[in-house]
Amino acid sequence: MNVSQTMETEEDHTCLHIKLYHPLQSCRGLYGLLPLGTRSKHSADDSLRLGRDAQTCTLALVDNRVSRKQLALHAYRSPQKPDMLFTIQNLSQRGQLSVNSSALGYLERADLPDKALIRFGEYEMLIIREPGEAKGHFEVELEILAVPPSRETCMGVPSMTPVMDTGSCAMSSFPGDLRAQGPLETDETLWCNS
């Protein structure tokens with residue numbers, strides 16, 4: 001083995017950890033064409049495409065509701081950062097794609113953050129970028145999640161706006177029948193002396 005072969009095997013590659021979820025994944029063979037549980041190496045100058053067409057897509061889903069070409073991930077480098085970065089592009093004319101709740105229309109691109117929740121149809125994908133040193137290649141590791149990543153990350157889940165406790169008694173502005181019922185919360189610090 002010569003020195004260049006040794007250096008190639010010792011390079012630390014950027015890795016995209018792609019975690020997939022679909023509500024019907026247990027009863028359908030949606031992921032039958034994907035290399036699950038192994039790291040696959042990809043050239044940085046080729047886009048990583050996902051869709052149902054196994055001939056043109058790097059990652060193929062067995063689902064007629066998915067576009068032939070659903071999305072593409074493109075690797076790039078920035079002069080300001082040594083890391084390999086990625087953009088995501090919506091390749092579907094009929095379906096919308098969202099990245100952390102921001103919608104992308106047909107052929108629109110967005111920078112892929114280090115951790116991104118991607119949604120299309122009923123699919124959810126959590127993509128986590130692990131930085132590496134290699135310049136010409138990156139790796140992809142695919143995994144199936146048992147629960148939607150939106151539930152784990154709380155992304156896309158409607159939030160309840162917290163009520164700020166100002167320490168003042170606002171109960172005196174309510175009609176008398178509401179004041180007679182007492183405080184609306186059970187926290188003892190909210191009791192008001194009117």
# chains A, B, ... in the order shown; residues from 1 in each chain; ligands from 1

call {"tool": "residues_around", "arguments": {"residues": "Leu16 of chain A", "least_positions_apart": "6", "cutoff": "9 Å", "atoms": "only C-alpha atoms", "output": "PyMOL selection string"}}
result
chain A and resi 127-131+138-142

call {"tool": "write_last_selection", "arguments": {"atoms": "N, CA, C and O atoms", "output": "mmCIF file, in the first residue's frame"}}
result
data_model
loop_
_atom_site.group_PDB
_atom_site.id
_atom_site.type_symbol
_atom_site.label_atom_id
_atom_site.label_comp_id
_atom_site.auth_asym_id
_atom_site.auth_seq_id
_atom_site.Cartn_x
_atom_site.Cartn_y
_atom_site.Cartn_z
ATOM 1 N N ILE A 127 -31.742 15.802 9.444
ATOM 2 C CA ILE A 127 -30.397 15.723 8.877
ATOM 3 C C ILE A 127 -29.441 16.450 9.810
ATOM 4 O O ILE A 127 -29.645 17.628 10.112
ATOM 5 N N ILE A 128 -28.423 15.745 10.261
ATOM 6 C CA ILE A 128 -27.415 16.314 11.156
ATOM 7 C C ILE A 128 -26.069 16.217 10.453
ATOM 8 O O ILE A 128 -25.660 15.123 10.038
ATOM 9 N N ARG A 129 -25.398 17.362 10.305
ATOM 10 C CA ARG A 129 -24.098 17.395 9.636
ATOM 11 C C ARG A 129 -22.986 17.264 10.663
ATOM 12 O O ARG A 129 -22.895 18.033 11.606
ATOM 13 N N GLU A 130 -22.142 16.240 10.474
ATOM 14 C CA GLU A 130 -20.963 16.033 11.312
ATOM 15 C C GLU A 130 -19.760 16.479 10.481
ATOM 16 O O GLU A 130 -19.478 15.888 9.441
ATOM 17 N N PRO A 131 -19.054 17.543 10.890
ATOM 18 C CA PRO A 131 -17.957 18.067 10.062
ATOM 19 C C PRO A 131 -16.785 17.100 9.973
ATOM 20 O O PRO A 131 -16.583 16.246 10.837
ATOM 21 N N PHE A 138 -17.896 13.053 0.894
ATOM 22 C CA PHE A 138 -18.619 13.096 2.171
ATOM 23 C C PHE A 138 -19.310 11.751 2.337
ATOM 24 O O PHE A 138 -19.404 10.964 1.396
ATOM 25 N N GLU A 139 -19.759 11.475 3.542
ATOM 26 C CA GLU A 139 -20.433 10.217 3.829
ATOM 27 C C GLU A 139 -21.873 10.472 4.229
ATOM 28 O O GLU A 139 -22.217 11.562 4.707
ATOM 29 N N VAL A 140 -22.698 9.464 4.038
ATOM 30 C CA VAL A 140 -24.107 9.516 4.418
ATOM 31 C C VAL A 140 -24.414 8.269 5.228
ATOM 32 O O VAL A 140 -24.036 7.157 4.843
ATOM 33 N N GLU A 141 -25.084 8.471 6.357
ATOM 34 C CA GLU A 141 -25.528 7.363 7.194
ATOM 35 C C GLU A 141 -27.031 7.498 7.387
ATOM 36 O O GLU A 141 -27.506 8.542 7.851
ATOM 37 N N LEU A 142 -27.776 6.466 7.010
ATOM 38 C CA LEU A 142 -29.236 6.476 7.073
ATOM 39 C C LEU A 142 -29.737 5.646 8.244
ATOM 40 O O LEU A 142 -29.204 4.578 8.529
#

call {"tool": "select_by_dssp", "arguments": {"residues": "segment 53-99 of chain A", "states": "strand (DSSP E)", "output": "ChimeraX atom specification"}}
result
/A:59-60,71-78,81-90,97-99

call {"tool": "residues_around", "arguments": {"residues": "Glu133 of chain A", "least_positions_apart": "3", "cutoff": "9 Å", "atoms": "only C-alpha atoms", "output": "count of residues only"}}
result
7

call {"tool": "atom_distance", "arguments": {"atom1": "atom CA of Ala134 of chain A", "atom2": "atom CA of Arg119 of chain A"}}
result
28.9 Å

call {"tool": "atom_distance", "arguments": {"atom1": "atom CA of Leu73 of chain A", "atom2": "atom CA of Ser47 of chain A"}}
result
5.6 Å

call {"tool": "residues_around", "arguments": {"residues": "Ala146 of chain A", "least_positions_apart": "6", "cutoff": "10 Å", "atoms": "only C-alpha atoms", "output": "list in words"}}
result
Lys19, Leu20, Tyr21, His22, Pro23, Gln25 and Ser26 of chain A

call {"tool": "write_last_selection", "arguments": {"atoms": "N, CA and C atoms", "output": "mmCIF file, in the first residue's frame"}}
result
data_model
loop_
_atom_site.group_PDB
_atom_site.id
_atom_site.type_symbol
_atom_site.label_atom_id
_atom_site.label_comp_id
_atom_site.auth_asym_id
_atom_site.auth_seq_id
_atom_site.Cartn_x
_atom_site.Cartn_y
_atom_site.Cartn_z
ATOM 1 N N LYS A 19 -31.982 10.814 9.311
ATOM 2 C CA LYS A 19 -32.898 9.983 10.092
ATOM 3 C C LYS A 19 -34.297 10.174 9.531
ATOM 4 N N LEU A 20 -34.915 9.083 9.087
ATOM 5 C CA LEU A 20 -36.191 9.120 8.377
ATOM 6 C C LEU A 20 -37.346 8.641 9.241
ATOM 7 N N TYR A 21 -38.530 9.217 8.958
ATOM 8 C CA TYR A 21 -39.747 8.763 9.629
ATOM 9 C C TYR A 21 -40.933 8.935 8.678
ATOM 10 N N HIS A 22 -41.817 7.954 8.672
ATOM 11 C CA HIS A 22 -43.105 8.014 7.975
ATOM 12 C C HIS A 22 -44.101 7.284 8.869
ATOM 13 N N PRO A 23 -45.322 7.811 9.027
ATOM 14 C CA PRO A 23 -46.270 7.167 9.949
ATOM 15 C C PRO A 23 -46.637 5.732 9.574
ATOM 16 N N GLN A 25 -44.475 3.504 8.092
ATOM 17 C CA GLN A 25 -43.236 2.807 7.752
ATOM 18 C C GLN A 25 -43.197 1.357 8.228
ATOM 19 N N SER A 26 -43.945 1.028 9.263
ATOM 20 C CA SER A 26 -43.893 -0.351 9.777
ATOM 21 C C SER A 26 -44.684 -1.326 8.911
#

call {"tool": "residues_around", "arguments": {"residues": "segment 96-105 of chain A", "least_positions_apart": "6", "cutoff": "12 Å", "atoms": "only C-alpha atoms", "output": "JSON, numbers by chain"}}
result
{"A": [66, 67, 70, 71, 72, 87, 88, 89, 90, 111, 112, 113, 114, 115, 116, 117, 118, 119, 120, 121, 122, 123, 124, 125, 126, 127, 149, 150, 153, 154, 155, 156, 157, 158]}

call {"tool": "atom_distance", "arguments": {"atom1": "atom CA of Arg52 of chain A", "atom2": "atom CA of His74 of chain A"}}
result
18.5 Å

call {"tool": "decode", "arguments": {"residues": "segment 125-145 of chain A", "atoms": "N, CA and C atoms", "output": "short mmCIF file (atom, residue, chain, number, x, y, z; two decimals), in the first residue's frame"}}
result
data_model
loop_
_atom_site.label_atom_id
_atom_site.label_comp_id
_atom_site.auth_asym_id
_atom_site.auth_seq_id
_atom_site.Cartn_x
_atom_site.Cartn_y
_atom_site.Cartn_z
N MET A 125 -37.56 14.07 7.85
CA MET A 125 -36.15 13.68 7.85
C MET A 125 -35.41 14.65 8.76
N LEU A 126 -34.65 14.10 9.65
CA LEU A 126 -33.76 14.90 10.47
C LEU A 126 -32.37 14.70 9.90
N ILE A 127 -31.74 15.80 9.44
CA ILE A 127 -30.40 15.72 8.88
C ILE A 127 -29.44 16.45 9.81
N ILE A 128 -28.42 15.74 10.26
CA ILE A 128 -27.42 16.31 11.16
C ILE A 128 -26.07 16.22 10.45
N ARG A 129 -25.40 17.36 10.30
CA ARG A 129 -24.10 17.39 9.64
C ARG A 129 -22.99 17.26 10.66
N GLU A 130 -22.14 16.24 10.47
CA GLU A 130 -20.96 16.03 11.31
C GLU A 130 -19.76 16.48 10.48
N PRO A 131 -19.05 17.54 10.89
CA PRO A 131 -17.96 18.07 10.06
C PRO A 131 -16.78 17.10 9.97
N GLY A 132 -16.02 17.25 8.89
CA GLY A 132 -14.84 16.43 8.66
C GLY A 132 -13.82 17.19 7.85
N GLU A 133 -12.67 16.58 7.61
CA GLU A 133 -11.55 17.23 6.93
C GLU A 133 -11.51 16.99 5.42
N ALA A 134 -12.06 15.87 4.95
CA ALA A 134 -11.92 15.52 3.54
C ALA A 134 -12.56 16.56 2.64
N LYS A 135 -11.92 16.83 1.50
CA LYS A 135 -12.40 17.87 0.60
C LYS A 135 -13.19 17.33 -0.58
N GLY A 136 -12.92 16.11 -1.01
CA GLY A 136 -13.53 15.60 -2.23
C GLY A 136 -14.71 14.67 -2.03
N HIS A 137 -14.93 14.22 -0.81
CA HIS A 137 -16.00 13.26 -0.54
C HIS A 137 -16.71 13.59 0.77
N PHE A 138 -17.90 13.05 0.89
CA PHE A 138 -18.62 13.10 2.17
C PHE A 138 -19.31 11.75 2.34
N GLU A 139 -19.76 11.48 3.54
CA GLU A 139 -20.43 10.22 3.83
C GLU A 139 -21.87 10.47 4.23
N VAL A 140 -22.70 9.46 4.04
CA VAL A 140 -24.11 9.52 4.42
C VAL A 140 -24.41 8.27 5.23
N GLU A 141 -25.08 8.47 6.36
CA GLU A 141 -25.53 7.36 7.19
C GLU A 141 -27.03 7.50 7.39
N LEU A 142 -27.78 6.47 7.01
CA LEU A 142 -29.24 6.48 7.07
C LEU A 142 -29.74 5.65 8.24
N GLU A 143 -30.79 6.16 8.87
CA GLU A 143 -31.38 5.49 10.04
C GLU A 143 -32.88 5.73 10.02
N ILE A 144 -33.64 4.80 10.55
CA ILE A 144 -35.09 4.93 10.65
C ILE A 144 -35.43 5.27 12.10
N LEU A 145 -36.28 6.26 12.28
CA LEU A 145 -36.71 6.67 13.63
C LEU A 145 -38.07 6.06 13.95
#
